[in-house]
>>> print(open('structure05.txt').read())   # compact mmCIF, C-alpha atoms and all ligand atoms
# COMPACT_ATOMS: atom_id res chain seq x y z
CA LEU A 1 19.80 6.59 -46.48
CA SER A 2 19.03 6.85 -50.17
CA VAL A 3 15.63 8.14 -51.21
CA ALA A 4 14.76 4.86 -52.95
CA GLU A 5 15.72 2.88 -49.88
CA SER A 6 13.78 4.92 -47.41
CA ALA A 7 10.81 5.04 -49.79
CA SER A 8 10.44 1.27 -49.96
CA GLY A 9 11.24 0.98 -46.27
CA LEU A 10 8.52 3.47 -45.45
CA TYR A 11 6.15 1.68 -47.80
CA GLU A 12 6.72 -1.70 -46.15
CA LYS A 13 6.27 -0.28 -42.68
CA LEU A 14 3.15 1.57 -43.62
CA LEU A 15 1.50 -1.48 -45.11
CA GLY A 16 2.55 -3.38 -42.03
CA GLY A 17 0.44 -1.01 -39.96
CA ASP A 18 3.19 1.14 -38.49
CA ARG A 19 1.52 4.36 -37.36
CA ARG A 20 4.75 6.26 -37.11
CA ALA A 21 5.55 5.45 -40.70
CA ALA A 22 2.14 6.75 -41.75
CA ALA A 23 2.67 9.89 -39.69
CA ARG A 24 6.08 10.41 -41.24
CA LEU A 25 4.79 10.11 -44.76
CA ILE A 26 1.90 12.46 -44.04
CA SER A 27 4.34 15.01 -42.64
CA MET A 28 6.39 14.73 -45.81
CA VAL A 29 3.29 15.39 -47.89
CA GLU A 30 2.39 18.36 -45.71
CA ARG A 31 5.82 19.84 -46.14
CA GLY A 32 5.58 19.33 -49.89
CA ASP A 33 8.62 17.03 -49.80
CA ILE A 34 8.79 15.45 -53.26
CA ALA A 35 10.48 12.36 -51.83
CA ALA A 36 6.96 11.37 -50.71
CA ARG A 37 6.03 10.81 -54.34
CA ALA A 38 8.01 7.59 -54.59
CA VAL A 39 6.07 6.11 -51.67
CA LEU A 40 2.74 7.46 -52.90
CA LYS A 41 3.36 5.75 -56.23
CA MET A 42 3.82 2.41 -54.51
CA LEU A 43 0.89 2.89 -52.15
CA TYR A 44 -1.63 3.71 -54.78
CA ALA A 45 -2.42 0.09 -55.65
CA HIS A 46 -3.57 -0.40 -52.06
CA THR A 47 -6.09 2.44 -52.06
CA GLY A 48 -9.76 2.42 -52.96
CA ASN A 49 -11.22 0.67 -49.93
CA ALA A 50 -12.17 3.51 -47.60
CA HIS A 51 -15.46 5.34 -47.62
CA ILE A 52 -14.68 9.03 -47.63
CA ILE A 53 -16.98 11.39 -45.77
CA GLY A 54 -16.82 15.15 -46.13
CA LEU A 55 -17.92 17.52 -43.38
CA THR A 56 -18.40 21.07 -44.56
CA GLY A 57 -20.37 24.02 -43.30
CA PRO A 58 -20.17 27.39 -41.58
CA PRO A 59 -17.52 28.05 -38.93
CA GLY A 60 -18.45 26.88 -35.48
CA SER A 61 -21.37 24.70 -36.56
CA GLY A 62 -19.81 21.72 -34.81
CA LYS A 63 -17.99 19.88 -37.60
CA SER A 64 -15.02 18.88 -35.45
CA THR A 65 -17.24 17.80 -32.57
CA LEU A 66 -19.34 15.77 -34.97
CA ALA A 67 -16.25 14.25 -36.59
CA GLY A 68 -15.12 13.15 -33.15
CA ARG A 69 -18.51 11.62 -32.43
CA LEU A 70 -18.69 9.83 -35.75
CA ALA A 71 -15.22 8.43 -35.19
CA GLY A 72 -16.16 7.28 -31.71
CA GLU A 73 -19.22 5.53 -33.04
CA TYR A 74 -17.32 3.81 -35.85
CA LEU A 75 -14.70 2.65 -33.36
CA ARG A 76 -17.42 1.20 -31.18
CA LYS A 77 -18.54 -0.79 -34.21
CA GLY A 78 -15.03 -2.10 -34.65
CA GLN A 79 -14.12 0.07 -37.62
CA SER A 80 -11.11 2.27 -38.05
CA VAL A 81 -11.16 5.96 -38.89
CA GLY A 82 -8.90 8.67 -40.19
CA ILE A 83 -9.74 12.33 -39.80
CA VAL A 84 -8.28 15.09 -41.91
CA CYS A 85 -9.00 18.72 -41.04
CA VAL A 86 -8.41 21.05 -43.93
CA ASP A 87 -8.19 24.66 -42.91
CA PRO A 88 -7.30 27.04 -45.72
CA THR A 89 -7.61 30.00 -43.38
CA SER A 90 -4.87 28.94 -41.00
CA PRO A 91 -1.17 28.73 -41.72
CA PHE A 92 0.50 25.36 -42.15
CA THR A 93 0.26 23.71 -38.76
CA GLY A 94 2.66 20.87 -39.33
CA GLY A 95 0.04 18.38 -38.32
CA ALA A 96 -0.51 19.93 -34.93
CA LEU A 97 -4.04 20.08 -33.71
CA LEU A 98 -5.47 23.39 -32.77
CA GLY A 99 -6.00 23.99 -29.07
CA ASP A 100 -9.77 23.95 -29.10
CA ARG A 101 -10.03 20.51 -30.58
CA VAL A 102 -9.88 18.86 -27.22
CA ARG A 103 -12.11 15.98 -28.04
CA MET A 104 -10.06 15.30 -31.15
CA GLN A 105 -6.89 15.22 -29.10
CA GLU A 106 -8.49 12.70 -26.81
CA LEU A 107 -9.44 10.58 -29.78
CA SER A 108 -6.06 10.84 -31.40
CA ALA A 109 -4.65 8.71 -28.59
CA ASP A 110 -6.71 5.82 -29.96
CA PRO A 111 -4.59 3.68 -32.31
CA GLU A 112 -7.55 3.16 -34.63
CA VAL A 113 -7.99 6.88 -35.24
CA PHE A 114 -5.64 9.06 -37.16
CA ILE A 115 -6.11 12.80 -37.11
CA ARG A 116 -4.23 15.36 -39.13
CA SER A 117 -4.76 19.03 -39.55
CA MET A 118 -3.70 20.70 -42.77
CA GLY A 119 -3.19 24.40 -43.18
CA THR A 120 -2.43 26.63 -46.12
CA ARG A 121 0.47 25.75 -48.32
CA GLY A 122 2.69 28.08 -50.21
CA ALA A 123 1.68 27.05 -53.68
CA MET A 124 -1.75 27.46 -55.19
CA GLY A 125 -3.53 24.15 -55.39
CA GLY A 126 -1.03 22.66 -52.96
CA LEU A 127 -3.64 22.14 -50.30
CA SER A 128 -5.90 20.09 -52.57
CA VAL A 129 -3.02 17.92 -53.72
CA ALA A 130 -1.80 17.37 -50.16
CA THR A 131 -5.30 16.59 -48.93
CA ASN A 132 -5.75 14.01 -51.64
CA ASP A 133 -2.38 12.48 -50.81
CA VAL A 134 -3.29 12.22 -47.15
CA ILE A 135 -6.60 10.58 -48.05
CA ASP A 136 -4.70 8.05 -50.17
CA ILE A 137 -2.23 7.36 -47.36
CA LEU A 138 -4.98 6.77 -44.80
CA ASP A 139 -6.84 4.61 -47.30
CA ALA A 140 -3.77 2.46 -47.99
CA PHE A 141 -3.13 2.35 -44.27
CA GLY A 142 -6.41 0.46 -44.00
CA LYS A 143 -8.79 3.02 -42.57
CA ASP A 144 -12.41 2.00 -43.18
CA TYR A 145 -13.69 5.56 -42.99
CA ILE A 146 -11.92 8.80 -43.72
CA ILE A 147 -13.57 11.98 -42.50
CA VAL A 148 -12.48 15.16 -44.20
CA GLU A 149 -13.45 18.36 -42.40
CA THR A 150 -13.10 21.61 -44.30
CA VAL A 151 -13.26 24.89 -42.45
CA GLY A 152 -14.84 27.97 -43.92
CA ALA A 153 -16.84 28.33 -47.10
CA GLY A 154 -15.37 28.89 -50.48
CA GLN A 155 -13.50 27.38 -53.35
CA VAL A 156 -11.35 24.97 -51.37
CA GLU A 157 -14.40 23.53 -49.71
CA ILE A 158 -16.11 22.89 -52.99
CA GLU A 159 -12.91 21.44 -54.41
CA VAL A 160 -12.37 19.07 -51.52
CA VAL A 161 -15.91 17.80 -51.78
CA GLN A 162 -14.93 16.33 -55.13
CA TYR A 163 -12.83 13.84 -53.23
CA VAL A 164 -15.48 12.52 -50.91
CA HIS A 165 -18.09 9.85 -51.40
CA THR A 166 -20.64 11.27 -49.01
CA SER A 167 -20.72 15.00 -48.47
CA VAL A 168 -22.32 16.05 -45.18
CA VAL A 169 -23.15 19.73 -44.80
CA VAL A 170 -23.28 20.75 -41.15
CA THR A 171 -25.17 23.83 -40.09
CA MET A 172 -26.86 25.00 -36.91
CA PRO A 173 -30.05 26.74 -35.76
CA GLY A 174 -30.24 30.48 -36.00
CA ALA A 175 -27.52 30.67 -38.61
CA GLY A 176 -29.66 32.58 -41.08
CA ASP A 177 -26.74 34.10 -42.93
CA GLU A 178 -24.94 30.81 -43.04
CA ILE A 179 -27.96 29.14 -44.53
CA GLN A 180 -27.96 31.82 -47.19
CA ALA A 181 -24.31 30.97 -47.83
CA ILE A 182 -25.26 27.35 -48.18
CA LYS A 183 -27.94 28.28 -50.63
CA ALA A 184 -25.37 30.16 -52.67
CA GLY A 185 -22.84 27.41 -52.98
CA ILE A 186 -23.01 24.34 -50.85
CA LEU A 187 -26.55 23.22 -51.57
CA GLU A 188 -25.44 21.51 -54.75
CA ILE A 189 -22.72 19.55 -53.07
CA GLY A 190 -24.56 18.18 -50.05
CA ASP A 191 -25.62 14.53 -49.96
CA VAL A 192 -26.78 14.83 -46.37
CA PHE A 193 -27.67 17.98 -44.43
CA VAL A 194 -27.31 18.18 -40.70
CA VAL A 195 -28.70 20.78 -38.34
CA ASN A 196 -26.32 20.36 -35.44
CA LYS A 197 -26.83 21.86 -31.97
CA SER A 198 -30.37 20.55 -32.04
CA ASP A 199 -30.41 21.20 -28.31
CA ARG A 200 -30.84 24.85 -29.25
CA GLN A 201 -33.92 26.79 -30.21
CA GLY A 202 -34.81 27.18 -33.83
CA THR A 203 -33.82 23.70 -34.91
CA GLN A 204 -37.16 22.90 -36.50
CA SER A 205 -37.26 26.10 -38.53
CA ALA A 206 -33.67 25.50 -39.71
CA VAL A 207 -34.71 22.02 -40.83
CA ALA A 208 -37.77 23.42 -42.60
CA ASP A 209 -35.65 26.08 -44.36
CA LEU A 210 -33.20 23.50 -45.60
CA GLU A 211 -35.91 21.10 -46.72
CA MET A 212 -37.55 23.86 -48.65
CA MET A 213 -34.29 24.77 -50.38
CA ILE A 214 -33.66 21.16 -51.32
CA GLU A 215 -37.22 20.80 -52.58
CA THR A 216 -36.91 23.81 -54.85
CA ALA A 217 -33.34 23.14 -55.98
CA PRO A 218 -33.04 22.89 -59.75
CA GLY A 219 -32.59 19.37 -61.09
CA GLY A 220 -33.80 17.89 -57.84
CA ASP A 221 -36.48 15.78 -59.52
CA GLU A 222 -34.19 13.75 -61.71
CA VAL A 223 -32.01 12.26 -59.01
CA CYS A 224 -33.04 9.31 -56.90
CA TRP A 225 -31.20 10.50 -53.84
CA LYS A 226 -33.00 13.31 -52.12
CA PRO A 227 -30.61 14.78 -49.55
CA PRO A 228 -32.15 14.20 -46.14
CA VAL A 229 -32.04 16.85 -43.43
CA MET A 230 -31.08 15.42 -40.07
CA CYS A 231 -30.69 16.75 -36.55
CA THR A 232 -27.75 16.09 -34.28
CA ALA A 233 -26.46 17.35 -30.99
CA ALA A 234 -22.83 16.47 -31.44
CA ALA A 235 -21.98 17.69 -27.96
CA SER A 236 -24.12 14.96 -26.41
CA GLY A 237 -23.98 12.50 -29.29
CA GLU A 238 -27.66 12.64 -30.05
CA GLY A 239 -28.59 11.72 -33.61
CA VAL A 240 -25.10 10.50 -34.47
CA GLU A 241 -26.15 6.89 -34.85
CA GLU A 242 -28.91 7.93 -37.24
CA LEU A 243 -26.42 9.98 -39.22
CA ILE A 244 -24.16 6.97 -39.54
CA GLU A 245 -27.08 4.92 -40.81
CA THR A 246 -27.87 7.58 -43.40
CA ILE A 247 -24.24 7.69 -44.53
CA GLU A 248 -24.43 3.92 -44.95
CA GLN A 249 -27.58 4.25 -47.01
CA HIS A 250 -25.89 6.80 -49.21
CA ALA A 251 -22.90 4.50 -49.66
CA ASP A 252 -25.27 1.69 -50.69
CA TYR A 253 -27.03 4.03 -53.08
CA LEU A 254 -23.72 4.98 -54.69
CA ARG A 255 -22.74 1.32 -55.08
CA MET A 256 -26.08 0.19 -56.47
CA THR A 257 -26.44 2.95 -59.02
CA GLY A 258 -22.89 2.81 -60.30
CA LEU A 259 -22.42 6.36 -59.10
CA LEU A 260 -19.53 5.26 -56.95
CA GLU A 261 -17.49 4.47 -60.02
CA GLN A 262 -18.53 7.72 -61.61
CA LYS A 263 -17.51 9.64 -58.50
CA THR A 264 -14.22 7.81 -58.36
CA GLU A 265 -13.52 8.66 -61.98
CA GLN A 266 -14.32 12.29 -61.27
CA ARG A 267 -12.00 12.27 -58.30
CA MET A 268 -9.14 10.69 -60.22
CA LYS A 269 -9.49 13.27 -62.95
CA ALA A 270 -9.54 16.12 -60.44
CA GLU A 271 -6.56 14.65 -58.63
CA LEU A 272 -4.53 14.38 -61.79
CA LEU A 273 -5.49 17.86 -62.92
CA ASN A 274 -4.56 19.28 -59.54
CA ILE A 275 -1.15 17.66 -59.67
CA LEU A 276 -0.61 18.85 -63.21
CA ASP A 277 -1.75 22.39 -62.38
CA LEU A 278 0.62 22.52 -59.48
CA ARG A 279 3.60 21.07 -61.27
CA VAL A 280 3.20 23.07 -64.44
CA SER A 281 2.68 26.34 -62.62
CA LEU A 282 5.58 25.69 -60.27
CA ALA A 283 7.85 24.85 -63.19
CA ALA A 284 6.73 27.94 -65.09
CA ARG A 285 7.26 30.14 -62.05
CA LYS A 286 10.70 28.69 -61.49
CA ALA A 287 11.65 29.23 -65.13
CA LEU A 288 10.48 32.85 -65.03
CA ASP A 289 12.12 33.60 -61.70
CA GLU A 290 15.38 31.74 -61.99
CA GLU A 291 16.23 30.62 -65.50
CA VAL A 292 17.91 32.65 -68.19
CA ALA A 293 15.37 31.76 -70.88
CA GLY A 294 12.48 32.72 -68.61
CA LYS A 295 14.01 36.00 -67.49
CA GLU A 296 14.78 36.87 -71.09
CA LEU A 297 11.17 36.22 -72.05
CA VAL A 298 9.92 38.62 -69.40
CA ARG A 299 12.50 41.20 -70.45
CA MET A 300 11.24 40.98 -74.02
CA MET A 301 7.70 41.50 -72.83
CA VAL A 302 8.79 44.58 -70.93
CA ALA A 303 10.46 45.87 -74.12
CA ARG A 304 7.19 45.15 -75.96
CA GLN A 305 9.01 42.74 -78.26
CA VAL A 306 6.83 39.80 -77.22
CA ASP A 307 3.17 39.82 -76.22
CA PRO A 308 1.97 37.70 -73.27
CA TYR A 309 0.21 35.16 -75.50
CA SER A 310 3.27 34.53 -77.66
CA ALA A 311 5.35 34.37 -74.49
CA ALA A 312 2.99 31.72 -73.18
CA ASP A 313 3.37 29.75 -76.44
CA VAL A 314 7.12 29.85 -75.97
CA MET A 315 6.90 28.87 -72.32
CA VAL A 316 4.54 25.93 -72.97
CA ALA A 317 6.89 24.60 -75.64
CA TYR A 318 9.84 25.11 -73.31
CA LEU A 319 8.16 23.22 -70.46
CA LEU A 320 6.93 20.41 -72.67
CA GLU A 321 10.40 19.87 -74.03
CA ARG A 322 11.61 18.81 -70.63
CA ALA A 323 8.34 17.38 -69.34
CA GLY A 324 9.90 13.96 -69.04
CA GLY A 325 12.43 15.28 -66.56
CA GLU A 326 12.30 15.16 -62.80
CA GLU A 327 11.59 18.83 -62.43
CA LEU A 328 8.09 18.88 -63.82
N1 LIG B 1 -24.96 23.54 -27.76
C1 LIG B 1 -24.19 22.80 -28.54
N2 LIG B 1 -22.93 23.18 -28.79
C2 LIG B 1 -22.19 22.40 -29.61
C3 LIG B 1 -22.69 21.21 -30.19
N3 LIG B 1 -21.74 20.68 -30.97
C4 LIG B 1 -20.67 21.48 -30.87
N4 LIG B 1 -20.92 22.51 -30.04
C5 LIG B 1 -20.01 23.60 -29.66
O1 LIG B 1 -19.85 24.51 -30.73
C6 LIG B 1 -18.52 25.03 -30.75
C7 LIG B 1 -17.88 24.80 -32.11
O2 LIG B 1 -17.70 23.41 -32.30
P1 LIG B 1 -16.63 22.82 -33.32
O3 LIG B 1 -16.84 21.36 -33.35
O4 LIG B 1 -15.29 23.32 -33.02
O5 LIG B 1 -17.17 23.49 -34.66
P2 LIG B 1 -16.47 23.51 -36.10
O6 LIG B 1 -17.57 23.56 -37.09
O7 LIG B 1 -15.51 22.39 -36.21
O8 LIG B 1 -15.72 24.88 -36.03
P3 LIG B 1 -14.59 25.42 -37.04
O9 LIG B 1 -13.69 24.26 -37.34
O10 LIG B 1 -13.92 26.49 -36.29
O11 LIG B 1 -15.33 25.91 -38.24
C8 LIG B 1 -17.78 24.34 -29.62
O12 LIG B 1 -17.76 25.17 -28.51
C9 LIG B 1 -18.61 23.10 -29.37
O13 LIG B 1 -18.50 22.64 -28.04
C10 LIG B 1 -24.05 20.82 -29.89
O14 LIG B 1 -24.57 19.82 -30.33
N5 LIG B 1 -24.73 21.66 -29.06
MG MG B 2 -13.47 22.41 -36.76
>>> encode(input="structure05.txt", output="structure tokens", more="lines below")
Ligand SMILES: Nc1nc2c(ncn2[C@@H]2O[C@H](COP(=O)(O)OP(=O)(O)OP(=O)(O)O)[C@@H](O)[C@H]2O)c(=O)[nH]1
Ligand SMILES: [Mg+2]
Amino acid sequence: LSVAESASGLYEKLLGGDRRAAARLISMVERGDIAARAVLKMLYAHTGNAHIIGLTGPPGSGKSTLAGRLAGEYLRKGQSVGIVCVDPTSPFTGGALLGDRVRMQELSADPEVFIRSMGTRGAMGGLSVATNDVIDILDAFGKDYIIVETVGAGQVEIEVVQYVHTSVVVTMPGAGDEIQAIKAGILEIGDVFVVNKSDRQGTQSAVADLEMMIETAPGGDEVCWKPPVMCTAAASGEGVEELIETIEQHADYLRMTGLLEQKTEQRMKAELLNILDLRVSLAARKALDEEVAGKELVRMMVARQVDPYSAADVMVAYLLERAGGEEL
């Protein structure tokens, strides 16, 4: 089977609603198989219809449980859902779901839900690129909602939030340190805040803390959307319907204000930059590790005949020269 043949075959099947084709393509993306690119190129014209929801927040706050509940609720309303779990702290899982995500496993049997779990990839930036690819695949596959769960705080989380339309930050009562962490980084990126595990003590004070932070956040006055703080008990499903309504309101807000287009533009730019970062750095690494010209350059640096900046000039010119080729 030639690559071109299987690419268009896969493309046809995927658009025809073949789940296995979608799963196959996603696995290719997860493996970093560049043959996926040909299909992704064809699929792109069919993307842009899904509403993308991000779930971020401290470990154990209930993001996966909430994702499952949201998906269940959307299904009940006759809408289809894809779920992507991005976990930069775990090794590449090959799409397997972690053992504790029982409810997710249950859901994954439903043909209208599609769940994938993405772990760390070898290359820097690879996870962001792969995540974006999977979002595009699920979007082209016709999912109405795509839920992206990111585990753990940090750079990846903030990066992934660039790809979502509505960013939901999930925390829980009594997580004082976690709320501090939110204050430090995630406050700026939340469109909706959720205090999950509202069946536990301390829910009201967690809500008050968050509301206070939002109130005093810099720049808060100029925007029309004030991030609401909501309560859910994902375990029992309480508050999930209200959360869905709020997500809908945020989607309407984005559409009415033209912010949706702005967000999309931002996402496209980030997507392109991520791909470029990855490809350029991979090509540079390969040249330095394996090619005569690259090895020679390093040798000259060792001999103090070339400084790192001049070496970079040489390398950029070298890479640009063959930028039209397949390798970059
Ligand atoms: N009491 C209570 N427990 C909950 C609720 N929602 C989730 N949990 C429990 O909290 C634990 C963590 O839930 P997860 O959904 O795995 O949390 P998570 O944020 O996805 O966790 P990581 O992906 O590991 O960061 C599980 O044992 C859940 O059963 C809730 O509303 N109330
Ligand atoms: Mg989880």
>>> residues_near_ligand(input="structure05.txt", ligand="ligand MG 2 (chain B)", cutoff="7 Å", atoms="all atoms listed in the file", output="JSON list (two decimals) with C-alpha atoms, in the coordinates of the input")
[["chain", "number", "residue", "atom", "x", "y", "z"],
["A", 60, "GLY", "CA", -18.45, 26.88, -35.48],
["A", 62, "GLY", "CA", -19.81, 21.72, -34.81],
["A", 63, "LYS", "CA", -17.99, 19.88, -37.60],
["A", 64, "SER", "CA", -15.02, 18.88, -35.45],
["A", 149, "GLU", "CA", -13.45, 18.36, -42.40],
["A", 151, "VAL", "CA", -13.26, 24.89, -42.45]]
>>> residues_near_ligand(input="structure05.txt", ligand="ligand LIG 1 (chain B)", cutoff="7 Å", atoms="all atoms listed in the file", output="ChimeraX atom specification")
/A:57-66,100-101,151-152,196-200,232-236
>>> write_last_selection(input="structure05.txt", atoms="C-alpha atoms", output="compact mmCIF listing (two decimals), keeping the file's coordinate frame")
# COMPACT_ATOMS: atom_id res chain seq x y z
CA GLY A 57 -20.37 24.02 -43.30
CA PRO A 58 -20.17 27.39 -41.58
CA PRO A 59 -17.52 28.05 -38.93
CA GLY A 60 -18.45 26.88 -35.48
CA SER A 61 -21.37 24.70 -36.56
CA GLY A 62 -19.81 21.72 -34.81
CA LYS A 63 -17.99 19.88 -37.60
CA SER A 64 -15.02 18.88 -35.45
CA THR A 65 -17.24 17.80 -32.57
CA LEU A 66 -19.34 15.77 -34.97
CA ASP A 100 -9.77 23.95 -29.10
CA ARG A 101 -10.03 20.51 -30.58
CA VAL A 151 -13.26 24.89 -42.45
CA GLY A 152 -14.84 27.97 -43.92
CA ASN A 196 -26.32 20.36 -35.44
CA LYS A 197 -26.83 21.86 -31.97
CA SER A 198 -30.37 20.55 -32.04
CA ASP A 199 -30.41 21.20 -28.31
CA ARG A 200 -30.84 24.85 -29.25
CA THR A 232 -27.75 16.09 -34.28
CA ALA A 233 -26.46 17.35 -30.99
CA ALA A 234 -22.83 16.47 -31.44
CA ALA A 235 -21.98 17.69 -27.96
CA SER A 236 -24.12 14.96 -26.41
>>> residues_near_point(input="structure05.txt", point="(-30.3, 18.9, -38.3)", cutoff="7 Å", atoms="all atoms listed in the file", output="count of residues only")
11
>>> atom_distance(input="structure05.txt", atom1="atom CA of Glu291 of chain A", atom2="atom CA of Val29 of chain A")
26.6 Å
>>> residues_around(input="structure05.txt", residues="Ala7 of chain A", least_positions_apart="6", cutoff="12 Å", atoms="all atoms listed in the file", output="MDAnalysis selection string")
chainID A and resid 1 13:14 21:22 24:25 28 34:43
>>> closest_residue(input="structure05.txt", among="A:Pro173, A:Gly237, A:Gly9, A:Gly48", to="Arg267 of chain A", atoms="all atoms listed in the file")
A:Gly48
>>> axis_aligned_box(input="structure05.txt", around="segment 262-277 of chain A", padding_each_side="6 Å", output="JSON")
{"center_x": -9.6, "center_y": 15.1, "center_z": -60.8, "size_x": 29.9, "size_y": 26.7, "size_z": 16.9}
>>> residues_around(input="structure05.txt", residues="Leu75 of chain A", least_positions_apart="5", cutoff="9 Å", atoms="only C-alpha atoms", output="PyMOL selection string")
chain A and resi 70+80-81+112-113
>>> write_last_selection(input="structure05.txt", atoms="C-alpha atoms", output="short mmCIF file (atom, residue, chain, number, x, y, z; two decimals), in the frame of the given file")
data_model
loop_
_atom_site.label_atom_id
_atom_site.label_comp_id
_atom_site.auth_asym_id
_atom_site.auth_seq_id
_atom_site.Cartn_x
_atom_site.Cartn_y
_atom_site.Cartn_z
CA LEU A 70 -18.69 9.83 -35.75
CA SER A 80 -11.11 2.27 -38.05
CA VAL A 81 -11.16 5.96 -38.89
CA GLU A 112 -7.55 3.16 -34.63
CA VAL A 113 -7.99 6.88 -35.24
#
>>> residues_around(input="structure05.txt", residues="Thr264 of chain A", least_positions_apart="2", cutoff="12 Å", atoms="all atoms listed in the file", output="list of chain:residue names")
A:Thr47, A:Gly48, A:Asn49, A:Ala50, A:His51, A:Ile52, A:Gln162, A:Tyr163, A:Val164, A:His165, A:Thr166, A:Leu254, A:Arg255, A:Gly258, A:Leu259, A:Leu260, A:Glu261, A:Gln262, A:Gln266, A:Arg267, A:Met268, A:Lys269, A:Ala270, A:Glu271
>>> write_last_selection(input="structure05.txt", atoms="C-alpha atoms", output="PDB file, keeping the file's coordinate frame")
ATOM      1  CA  THR A  47      -6.090   2.440 -52.060  1.00  0.00           C
ATOM      2  CA  GLY A  48      -9.760   2.420 -52.960  1.00  0.00           C
ATOM      3  CA  ASN A  49     -11.220   0.670 -49.930  1.00  0.00           C
ATOM      4  CA  ALA A  50     -12.170   3.510 -47.600  1.00  0.00           C
ATOM      5  CA  HIS A  51     -15.460   5.340 -47.620  1.00  0.00           C
ATOM      6  CA  ILE A  52     -14.680   9.030 -47.630  1.00  0.00           C
ATOM      7  CA  GLN A 162     -14.930  16.330 -55.130  1.00  0.00           C
ATOM      8  CA  TYR A 163     -12.830  13.840 -53.230  1.00  0.00           C
ATOM      9  CA  VAL A 164     -15.480  12.520 -50.910  1.00  0.00           C
ATOM     10  CA  HIS A 165     -18.090   9.850 -51.400  1.00  0.00           C
ATOM     11  CA  THR A 166     -20.640  11.270 -49.010  1.00  0.00           C
ATOM     12  CA  LEU A 254     -23.720   4.980 -54.690  1.00  0.00           C
ATOM     13  CA  ARG A 255     -22.740   1.320 -55.080  1.00  0.00           C
ATOM     14  CA  GLY A 258     -22.890   2.810 -60.300  1.00  0.00           C
ATOM     15  CA  LEU A 259     -22.420   6.360 -59.100  1.00  0.00           C
ATOM     16  CA  LEU A 260     -19.530   5.260 -56.950  1.00  0.00           C
ATOM     17  CA  GLU A 261     -17.490   4.470 -60.020  1.00  0.00           C
ATOM     18  CA  GLN A 262     -18.530   7.720 -61.610  1.00  0.00           C
ATOM     19  CA  GLN A 266     -14.320  12.290 -61.270  1.00  0.00           C
ATOM     20  CA  ARG A 267     -12.000  12.270 -58.300  1.00  0.00           C
ATOM     21  CA  MET A 268      -9.140  10.690 -60.220  1.00  0.00           C
ATOM     22  CA  LYS A 269      -9.490  13.270 -62.950  1.00  0.00           C
ATOM     23  CA  ALA A 270      -9.540  16.120 -60.440  1.00  0.00           C
ATOM     24  CA  GLU A 271      -6.560  14.650 -58.630  1.00  0.00           C
TER      25      GLU A 271
END
>>> closest_residue(input="structure05.txt", among="A:Val314, A:Leu55, A:Val161, A:Val86", to="Thr131 of chain A", atoms="all atoms listed in the file")
A:Val86
